[in-house]
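Undergrad: So that you have it, the file is start.txt, and it contains compact mmCIF, C-alpha atoms:
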```
# COMPACT_ATOMS: atom_id res chain seq x y z
CA MET A 98 165.03 118.82 88.46
CA LEU A 99 162.76 117.89 91.37
CA ARG A 100 164.19 115.13 93.53
CA CYS A 101 161.74 112.81 95.26
CA THR A 102 162.10 112.18 98.97
CA ALA A 103 161.30 108.76 100.35
CA ALA A 104 157.95 110.04 101.66
CA LEU A 105 157.03 111.60 98.34
CA ALA A 106 158.07 108.46 96.54
CA ALA A 107 155.55 106.49 98.58
CA THR A 108 152.70 108.93 98.07
CA LEU A 109 153.32 110.24 94.58
CA GLY A 110 154.83 107.21 92.92
CA CYS A 111 158.17 108.87 92.15
CA THR A 112 160.85 106.49 90.90
CA PHE A 113 164.56 106.88 91.39
CA ALA A 114 165.55 104.43 88.67
CA ALA A 115 164.80 106.74 85.77
CA ALA A 116 164.26 110.07 87.53
CA GLN A 117 167.27 111.79 86.06
CA GLY A 118 170.42 111.18 84.09
CA THR A 119 171.93 111.01 80.66
CA ALA A 120 172.97 108.10 78.49
CA TRP A 121 176.08 108.91 76.44
CA VAL A 122 176.37 106.95 73.19
CA SER A 123 179.50 106.74 71.04
CA SER A 124 179.28 106.50 67.27
CA GLU A 125 181.83 105.19 64.80
CA LYS A 126 180.70 107.38 61.91
CA ASP A 127 179.67 110.74 63.37
CA ASP A 128 182.67 111.81 65.52
CA ALA A 129 180.13 112.78 68.15
CA LEU A 130 178.42 111.43 71.25
CA THR A 131 174.63 111.34 71.36
CA LEU A 132 172.97 112.31 74.64
CA ILE A 133 169.72 110.63 75.71
CA ASP A 134 167.57 111.86 78.59
CA THR A 135 166.99 108.78 80.77
CA GLN A 136 163.60 110.05 81.96
CA THR A 137 161.99 110.99 78.64
CA LEU A 138 164.05 108.55 76.54
CA ALA A 139 164.53 111.31 73.98
CA VAL A 140 167.73 112.58 72.38
CA LYS A 141 168.63 115.92 73.92
CA GLY A 142 171.77 116.79 72.00
CA THR A 143 175.21 115.75 70.78
CA VAL A 144 178.76 116.48 71.89
CA PRO A 145 181.64 116.48 69.37
CA THR A 146 184.54 114.12 69.99
CA CYS A 147 187.54 112.66 68.19
CA LYS A 148 187.40 110.34 65.18
CA ARG A 149 185.63 106.98 65.30
CA GLY A 150 184.57 106.89 68.92
CA ARG A 151 184.18 103.35 70.18
CA HIS A 152 184.60 102.04 73.72
CA ILE A 153 183.39 104.49 76.38
CA GLN A 154 183.86 104.24 80.14
CA ARG A 155 183.41 106.30 83.29
CA LEU A 156 186.58 107.36 85.09
CA PRO A 157 186.93 107.27 88.89
CA ASP A 158 186.61 111.08 89.01
CA GLY A 159 183.29 110.96 87.14
CA LYS A 160 184.56 112.09 83.76
CA LEU A 161 184.04 110.03 80.62
CA MET A 162 186.73 108.50 78.44
CA VAL A 163 186.09 107.59 74.81
CA ALA A 164 188.59 105.57 72.75
CA CYS A 165 188.81 107.06 69.25
CA THR A 166 190.33 104.52 66.89
CA ASP A 167 191.08 106.86 63.98
CA SER A 168 192.55 109.55 66.25
CA ASN A 169 194.83 107.10 68.10
CA ALA A 170 193.68 108.76 71.30
CA ALA A 171 191.06 108.96 74.00
CA ASP A 172 188.86 111.97 74.54
CA VAL A 173 188.17 112.85 78.18
CA ILE A 174 184.87 114.67 78.63
CA ASP A 175 183.38 116.36 81.66
CA PRO A 176 179.69 115.37 81.71
CA ALA A 177 178.85 118.42 83.85
CA THR A 178 180.02 120.87 81.18
CA GLN A 179 179.65 118.50 78.22
CA LYS A 180 183.08 119.59 77.01
CA SER A 181 186.33 117.82 76.24
CA VAL A 182 188.96 118.56 78.89
CA ARG A 183 191.93 116.71 77.38
CA ARG A 184 193.11 114.10 74.91
CA VAL A 185 195.19 111.09 75.92
CA PRO A 186 197.34 109.28 73.30
CA LEU A 187 196.48 105.55 73.25
CA GLY A 188 198.77 104.21 70.52
CA ASP A 189 197.74 102.90 67.11
CA GLU A 190 194.16 101.80 66.46
CA PRO A 191 192.85 101.69 70.05
CA GLU A 192 189.47 100.04 70.42
CA ALA A 193 188.76 98.78 73.92
CA PHE A 194 190.35 99.65 77.25
CA ASP A 195 190.04 99.24 80.99
CA LEU A 196 191.40 101.16 83.97
CA SER A 197 193.48 100.14 86.94
CA PRO A 198 191.49 100.29 90.21
CA ASP A 199 193.19 103.58 91.13
CA GLY A 200 192.48 105.05 87.69
CA ARG A 201 196.13 105.88 87.04
CA THR A 202 196.80 103.37 84.28
CA ILE A 203 194.82 102.73 81.10
CA TYR A 204 195.12 99.25 79.61
CA VAL A 205 194.46 99.38 75.86
CA SER A 206 194.12 96.83 73.08
CA ASN A 207 196.00 98.06 69.99
CA GLU A 208 194.56 96.03 67.15
CA ASP A 209 197.11 96.65 64.39
CA GLU A 210 200.12 96.27 66.67
CA ALA A 211 198.82 93.08 68.34
CA GLU A 212 199.73 94.60 71.68
CA ALA A 213 198.24 95.48 75.03
CA SER A 214 199.57 98.86 76.12
CA PHE A 215 199.90 100.24 79.65
CA VAL A 216 199.31 104.00 79.37
CA ASP A 217 199.78 106.63 82.06
CA ALA A 218 196.34 108.21 82.40
CA ALA A 219 197.75 111.62 83.34
CA THR A 220 200.44 112.01 80.69
CA GLY A 221 199.46 109.59 77.93
CA LYS A 222 202.93 108.05 78.07
CA VAL A 223 203.12 104.37 77.15
CA LEU A 224 204.65 102.72 80.20
CA LYS A 225 204.82 99.17 78.89
CA SER A 226 203.63 97.10 75.94
CA VAL A 227 202.86 93.39 75.91
CA LYS A 228 202.70 91.34 72.72
CA VAL A 229 199.47 89.36 72.39
CA GLY A 230 197.62 87.53 69.61
CA GLN A 231 196.41 89.16 66.44
CA GLU A 232 193.50 91.60 66.61
CA PRO A 233 193.27 92.06 70.38
CA GLU A 234 189.84 93.28 71.43
CA GLY A 235 188.41 92.98 74.93
CA VAL A 236 190.33 94.25 77.97
CA LYS A 237 189.40 93.47 81.56
CA VAL A 238 191.29 94.09 84.83
CA SER A 239 190.73 92.03 87.95
CA ALA A 240 189.31 93.84 90.99
CA ASP A 241 192.66 93.72 92.79
CA GLY A 242 194.42 95.16 89.74
CA LYS A 243 196.95 92.33 89.59
CA THR A 244 195.70 90.52 86.49
CA LEU A 245 194.81 91.79 83.04
CA TYR A 246 192.78 89.76 80.57
CA VAL A 247 192.92 90.50 76.83
CA THR A 248 191.06 88.66 74.08
CA SER A 249 192.59 87.90 70.69
CA GLU A 250 189.96 87.58 67.97
CA VAL A 251 192.17 85.75 65.46
CA ALA A 252 193.86 83.36 67.88
CA SER A 253 190.65 82.62 69.82
CA LEU A 254 192.58 83.11 73.03
CA VAL A 255 192.28 85.02 76.27
CA HIS A 256 195.74 86.20 77.32
CA VAL A 257 196.33 86.31 81.07
CA ILE A 258 198.81 89.09 81.85
CA ASP A 259 200.57 89.59 85.17
CA VAL A 260 200.39 93.37 85.58
CA ALA A 261 203.46 93.70 87.79
CA GLN A 262 205.62 91.73 85.36
CA ALA A 263 203.87 93.05 82.21
CA LYS A 264 204.05 89.50 80.93
CA VAL A 265 201.63 86.92 79.51
CA VAL A 266 201.55 84.09 82.03
CA LYS A 267 198.92 81.94 80.34
CA ASN A 268 196.88 81.67 77.15
CA ILE A 269 193.36 80.28 77.49
CA LYS A 270 191.74 78.66 74.46
CA VAL A 271 188.11 79.77 74.26
CA GLY A 272 185.51 79.90 71.46
CA LYS A 273 186.04 81.36 68.02
CA ARG A 274 186.56 85.15 67.88
CA PRO A 275 186.32 86.12 71.57
CA ARG A 276 185.23 89.72 72.10
CA ARG A 277 184.22 91.07 75.53
CA MET A 278 184.44 89.89 79.13
CA ALA A 279 182.81 90.21 82.53
CA ILE A 280 184.00 89.04 85.94
CA THR A 281 181.53 87.71 88.50
CA ALA A 282 181.02 89.65 91.72
CA ASP A 283 182.99 87.11 93.75
CA GLY A 284 185.89 87.33 91.30
CA LYS A 285 185.91 83.57 90.72
CA GLU A 286 184.75 83.47 87.10
CA LEU A 287 185.58 85.28 83.88
CA TRP A 288 182.83 85.17 81.25
CA VAL A 289 183.98 85.59 77.65
CA THR A 290 181.70 86.17 74.66
CA ASN A 291 182.62 84.24 71.50
CA GLU A 292 181.21 86.04 68.46
CA LEU A 293 181.60 83.22 65.93
CA ASP A 294 180.86 80.35 68.29
CA THR A 295 177.35 81.31 69.49
CA SER A 296 178.63 80.98 73.03
CA VAL A 297 180.09 82.30 76.27
CA SER A 298 183.13 80.57 77.74
CA ILE A 299 183.27 80.50 81.55
CA VAL A 300 186.82 80.58 82.91
CA SER A 301 187.97 79.88 86.46
CA THR A 302 190.13 82.80 87.61
CA ALA A 303 191.92 80.44 90.03
CA THR A 304 193.08 77.89 87.45
CA HIS A 305 192.59 79.90 84.25
CA GLU A 306 190.84 76.92 82.67
CA VAL A 307 187.50 76.87 80.85
CA ILE A 308 185.07 75.23 83.25
CA ASP A 309 181.82 75.59 81.30
CA THR A 310 180.29 76.90 78.07
CA ILE A 311 176.85 78.38 77.47
CA LYS A 312 175.47 78.06 73.95
CA PHE A 313 172.77 80.38 72.63
CA ALA A 314 169.84 79.60 70.35
CA VAL A 315 167.20 81.96 68.98
CA LYS A 316 164.08 80.58 67.34
CA GLY A 317 164.08 81.42 63.64
CA ALA A 318 167.73 82.58 63.63
CA ARG A 319 170.55 80.73 61.92
CA ALA A 320 173.45 79.72 64.16
CA GLU A 321 175.85 81.89 62.13
CA ASP A 322 173.72 84.94 62.92
CA ILE A 323 173.91 84.42 66.67
CA THR A 324 177.01 86.47 67.36
CA PRO A 325 177.54 87.28 71.08
CA VAL A 326 179.60 90.40 71.73
CA GLY A 327 178.54 92.65 74.62
CA ILE A 328 178.16 91.38 78.17
CA THR A 329 177.37 92.90 81.56
CA MET A 330 176.36 91.53 84.94
CA THR A 331 174.32 92.66 87.91
CA LYS A 332 176.27 93.82 90.96
CA ASP A 333 175.36 90.66 92.88
CA GLY A 334 176.68 88.52 90.03
CA LYS A 335 173.49 86.51 89.69
CA ARG A 336 172.39 87.66 86.22
CA ALA A 337 174.26 88.30 83.02
CA PHE A 338 173.03 90.06 79.89
CA VAL A 339 174.56 89.14 76.54
CA SER A 340 173.93 90.89 73.24
CA LEU A 341 173.55 88.40 70.40
CA GLY A 342 174.68 90.57 67.50
CA LYS A 343 173.03 89.79 64.18
CA ALA A 344 170.36 87.69 65.92
CA ASN A 345 168.92 91.05 67.10
CA HIS A 346 168.26 89.79 70.62
CA VAL A 347 169.64 90.11 74.13
CA ALA A 348 169.90 87.01 76.32
CA PHE A 349 169.15 87.13 80.04
CA VAL A 350 171.29 84.50 81.77
CA ASP A 351 170.98 82.94 85.23
CA VAL A 352 174.66 82.94 86.24
CA PRO A 353 174.63 80.23 88.98
CA GLY A 354 172.23 78.05 86.96
CA ARG A 355 174.13 78.53 83.69
CA LYS A 356 170.97 78.90 81.67
CA VAL A 357 169.20 81.46 79.47
CA THR A 358 165.98 82.62 81.12
CA ASP A 359 164.74 85.19 78.59
CA LEU A 360 165.41 86.46 75.08
CA VAL A 361 164.40 90.05 74.23
CA LEU A 362 164.07 91.33 70.67
CA VAL A 363 165.95 94.62 70.20
CA GLY A 364 167.47 96.39 67.17
CA LYS A 365 169.74 95.19 64.38
CA ARG A 366 173.16 93.87 65.40
CA ALA A 367 172.81 94.20 69.15
CA TRP A 368 176.34 95.17 70.12
CA ASN A 369 177.09 96.48 73.60
CA VAL A 370 174.94 96.41 76.75
CA THR A 371 174.87 98.61 79.86
CA LEU A 372 172.79 98.58 83.04
CA ASP A 373 171.66 101.72 84.83
CA LYS A 374 172.61 102.21 88.48
CA ALA A 375 169.37 100.70 89.79
CA GLU A 376 169.71 97.76 87.36
CA ALA A 377 166.13 98.42 86.34
CA ARG A 378 166.89 99.13 82.70
CA LEU A 379 169.26 97.57 80.20
CA TRP A 380 170.56 99.83 77.43
CA VAL A 381 171.37 97.99 74.20
CA VAL A 382 173.41 99.61 71.42
CA ASN A 383 172.34 98.43 67.96
CA GLY A 384 175.06 98.96 65.38
CA LEU A 385 173.11 98.34 62.18
CA SER A 386 169.79 99.98 62.99
CA ASP A 387 171.57 103.07 64.35
CA ASP A 388 169.59 103.10 67.57
CA VAL A 389 169.56 102.20 71.25
CA THR A 390 166.92 99.90 72.72
CA VAL A 391 165.92 100.39 76.36
CA VAL A 392 164.80 97.15 78.02
CA ASP A 393 162.81 96.80 81.24
CA VAL A 394 164.80 94.22 83.21
CA ALA A 395 162.01 93.05 85.53
CA GLY A 396 159.60 92.49 82.67
CA ALA A 397 162.24 91.32 80.16
CA LYS A 398 160.58 93.60 77.61
CA ALA A 399 161.81 96.31 75.27
CA ILE A 400 160.41 99.74 76.18
CA LYS A 401 161.64 101.92 73.34
CA SER A 402 164.24 102.16 70.56
CA ILE A 403 165.85 105.58 70.19
CA PRO A 404 167.59 106.70 66.95
CA VAL A 405 171.15 107.88 67.60
CA GLY A 406 174.34 108.36 65.54
CA ARG A 407 175.54 106.26 62.66
CA VAL A 408 176.96 102.89 63.73
CA PRO A 409 176.64 103.38 67.49
CA TYR A 410 179.15 101.39 69.50
CA GLY A 411 179.21 101.98 73.27
CA LEU A 412 177.09 103.57 75.99
CA VAL A 413 177.54 104.91 79.53
CA VAL A 414 174.71 106.04 81.80
CA VAL A 415 175.55 109.07 83.97
CA GLU A 416 173.16 109.50 86.89
```
What would you get if you wrote out this structure as structure tokens?
TA:
Amino acid sequence: MLRCTAALAATLGCTFAAAQGTAWVSSEKDDALTLIDTQTLAVKGTVPTCKRGRHIQRLPDGKLMVACTDSNAADVIDPATQKSVRRVPLGDEPEAFDLSPDGRTIYVSNEDEAEASFVDAATGKVLKSVKVGQEPEGVKVSADGKTLYVTSEVASLVHVIDVAQAKVVKNIKVGKRPRRMAITADGKELWVTNELDTSVSIVSTATHEVIDTIKFAVKGARAEDITPVGITMTKDGKRAFVSLGKANHVAFVDVPGRKVTDLVLVGKRAWNVTLDKAEARLWVVNGLSDDVTVVDVAGAKAIKSIPVGRVPYGLVVVE
């Protein structure tokens, strides 16, 4: 594909933000990943994977890892060849995971076991397991790799785990049914989405106390249908994007100001959200309309919704 130089970009209007790349979308019902061309916004193929693919993340070496709940494993895929290179056991019912900064350890939430597992990324061996609340979901590692945060949907807690000790050192009471998390660029705040509380809890990473709460409202939507799940932030930590589930919207949030600046209508049950490298487009996975909505960040406007697999769950943009 033609790459634009800086000079050509000025004269021909070439853009780097969407010039090339592929969005990889996991699907709970199709045992396959859907590939979307980021330039044309068209589906260009599928890649088979293990059963009930859910959380998907890029590894430090550039490969992709997909947690497959019904296979009790992760599939590692080389995006260059579009082929699986290995499977990594993740214990029973894995859903979400995160990686240590060096990529050597996978931290997994095992829903049925009510555990957070430390898994050797090379061998798949479970190194340690930590008991947490029922139905653990979100997993997030601090930038220094010393602290692991795990949400418990049933207990409405965020468990703070000391990685070196493999021990819960504090439980933080947040909103009802916490799901996913993001850490601000300065590392000082942990933002937690609360699916059944129409809110995000903001936690100080110094004191591990809730210091603020942002509530969401969507005109014409009932409070019980505003179900925040996915969250991502810009690299500078100034803006957050929160999917509002059954309210079918994504909220743009001013992080320092603690306020919603825009609401964008997307597909049904907006689930997980991902920014591209340039932070020009937000990719929203819609679990009930079986599509992905691409949103122009600057204009706070949906560009296109793209049909993908049945019950899509997660998305990674490879550029």
Undergrad: Nearest to A:His346 among A:Asp322, A:Asp172, A:Asp333, A:Asp387, with distances taken over all atoms listed in the file: which residue is it?
TA: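 Smallest distance to A:His346 is found for A:Asp322.
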Undergrad: Identify which of the residues A:Thr135, A:Ser206, A:Ser249, A:Thr178 lies closest to A:Ala164, counting only C-alpha atoms when measuring atom-to-atom distances.
TA: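 Under the stated criterion, the closest residue is A:Ser206.
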Undergrad: I'd like the contact shell of A:Arg277 - 7 Å cut-off, only C-alpha atoms, skipping same-chain residues fewer than 5 positions apart - returned as a PyMOL selection string.
TA: chain A and resi 235+289-290+326-328
Undergrad: Could you tell me which of A:Ala263, A:Cys165, A:Val205, A:Leu362 comes closest to A:Ala218 if we count only C-alpha atoms?
TA: A:Val205
Undergrad: Within 10 Å of A:Asp259, counting only C-alpha atoms, which residues show up once you throw out same-chain ones fewer than 2 positions away? Write them as a list of chain:residue names, please.
TA: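 My reading of the contact set: A:Gly242, A:Lys243, A:Thr244, A:Leu245, A:Tyr246, A:His256, A:Val257, A:Ala261, A:Gln262, A:Ala263, A:Lys264, A:Val265, A:Val266, A:Lys267.
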Undergrad: My list of candidates is A:Val389, A:Val350, A:Ala252, A:Met330. Which is closest to A:Val408 when distances are computed with only C-alpha atoms?
TA: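 Closest to A:Val408 of all the choices is A:Val389.
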Undergrad: List the spatial neighbours of A:Arg274 as a PyMOL selection string - criterion: any atom at most 12 Å away, all atoms listed in the file, same-chain residues fewer than 4 positions off excluded.
TA: chain A and resi 230-235+248-255+270+289-298+324-326
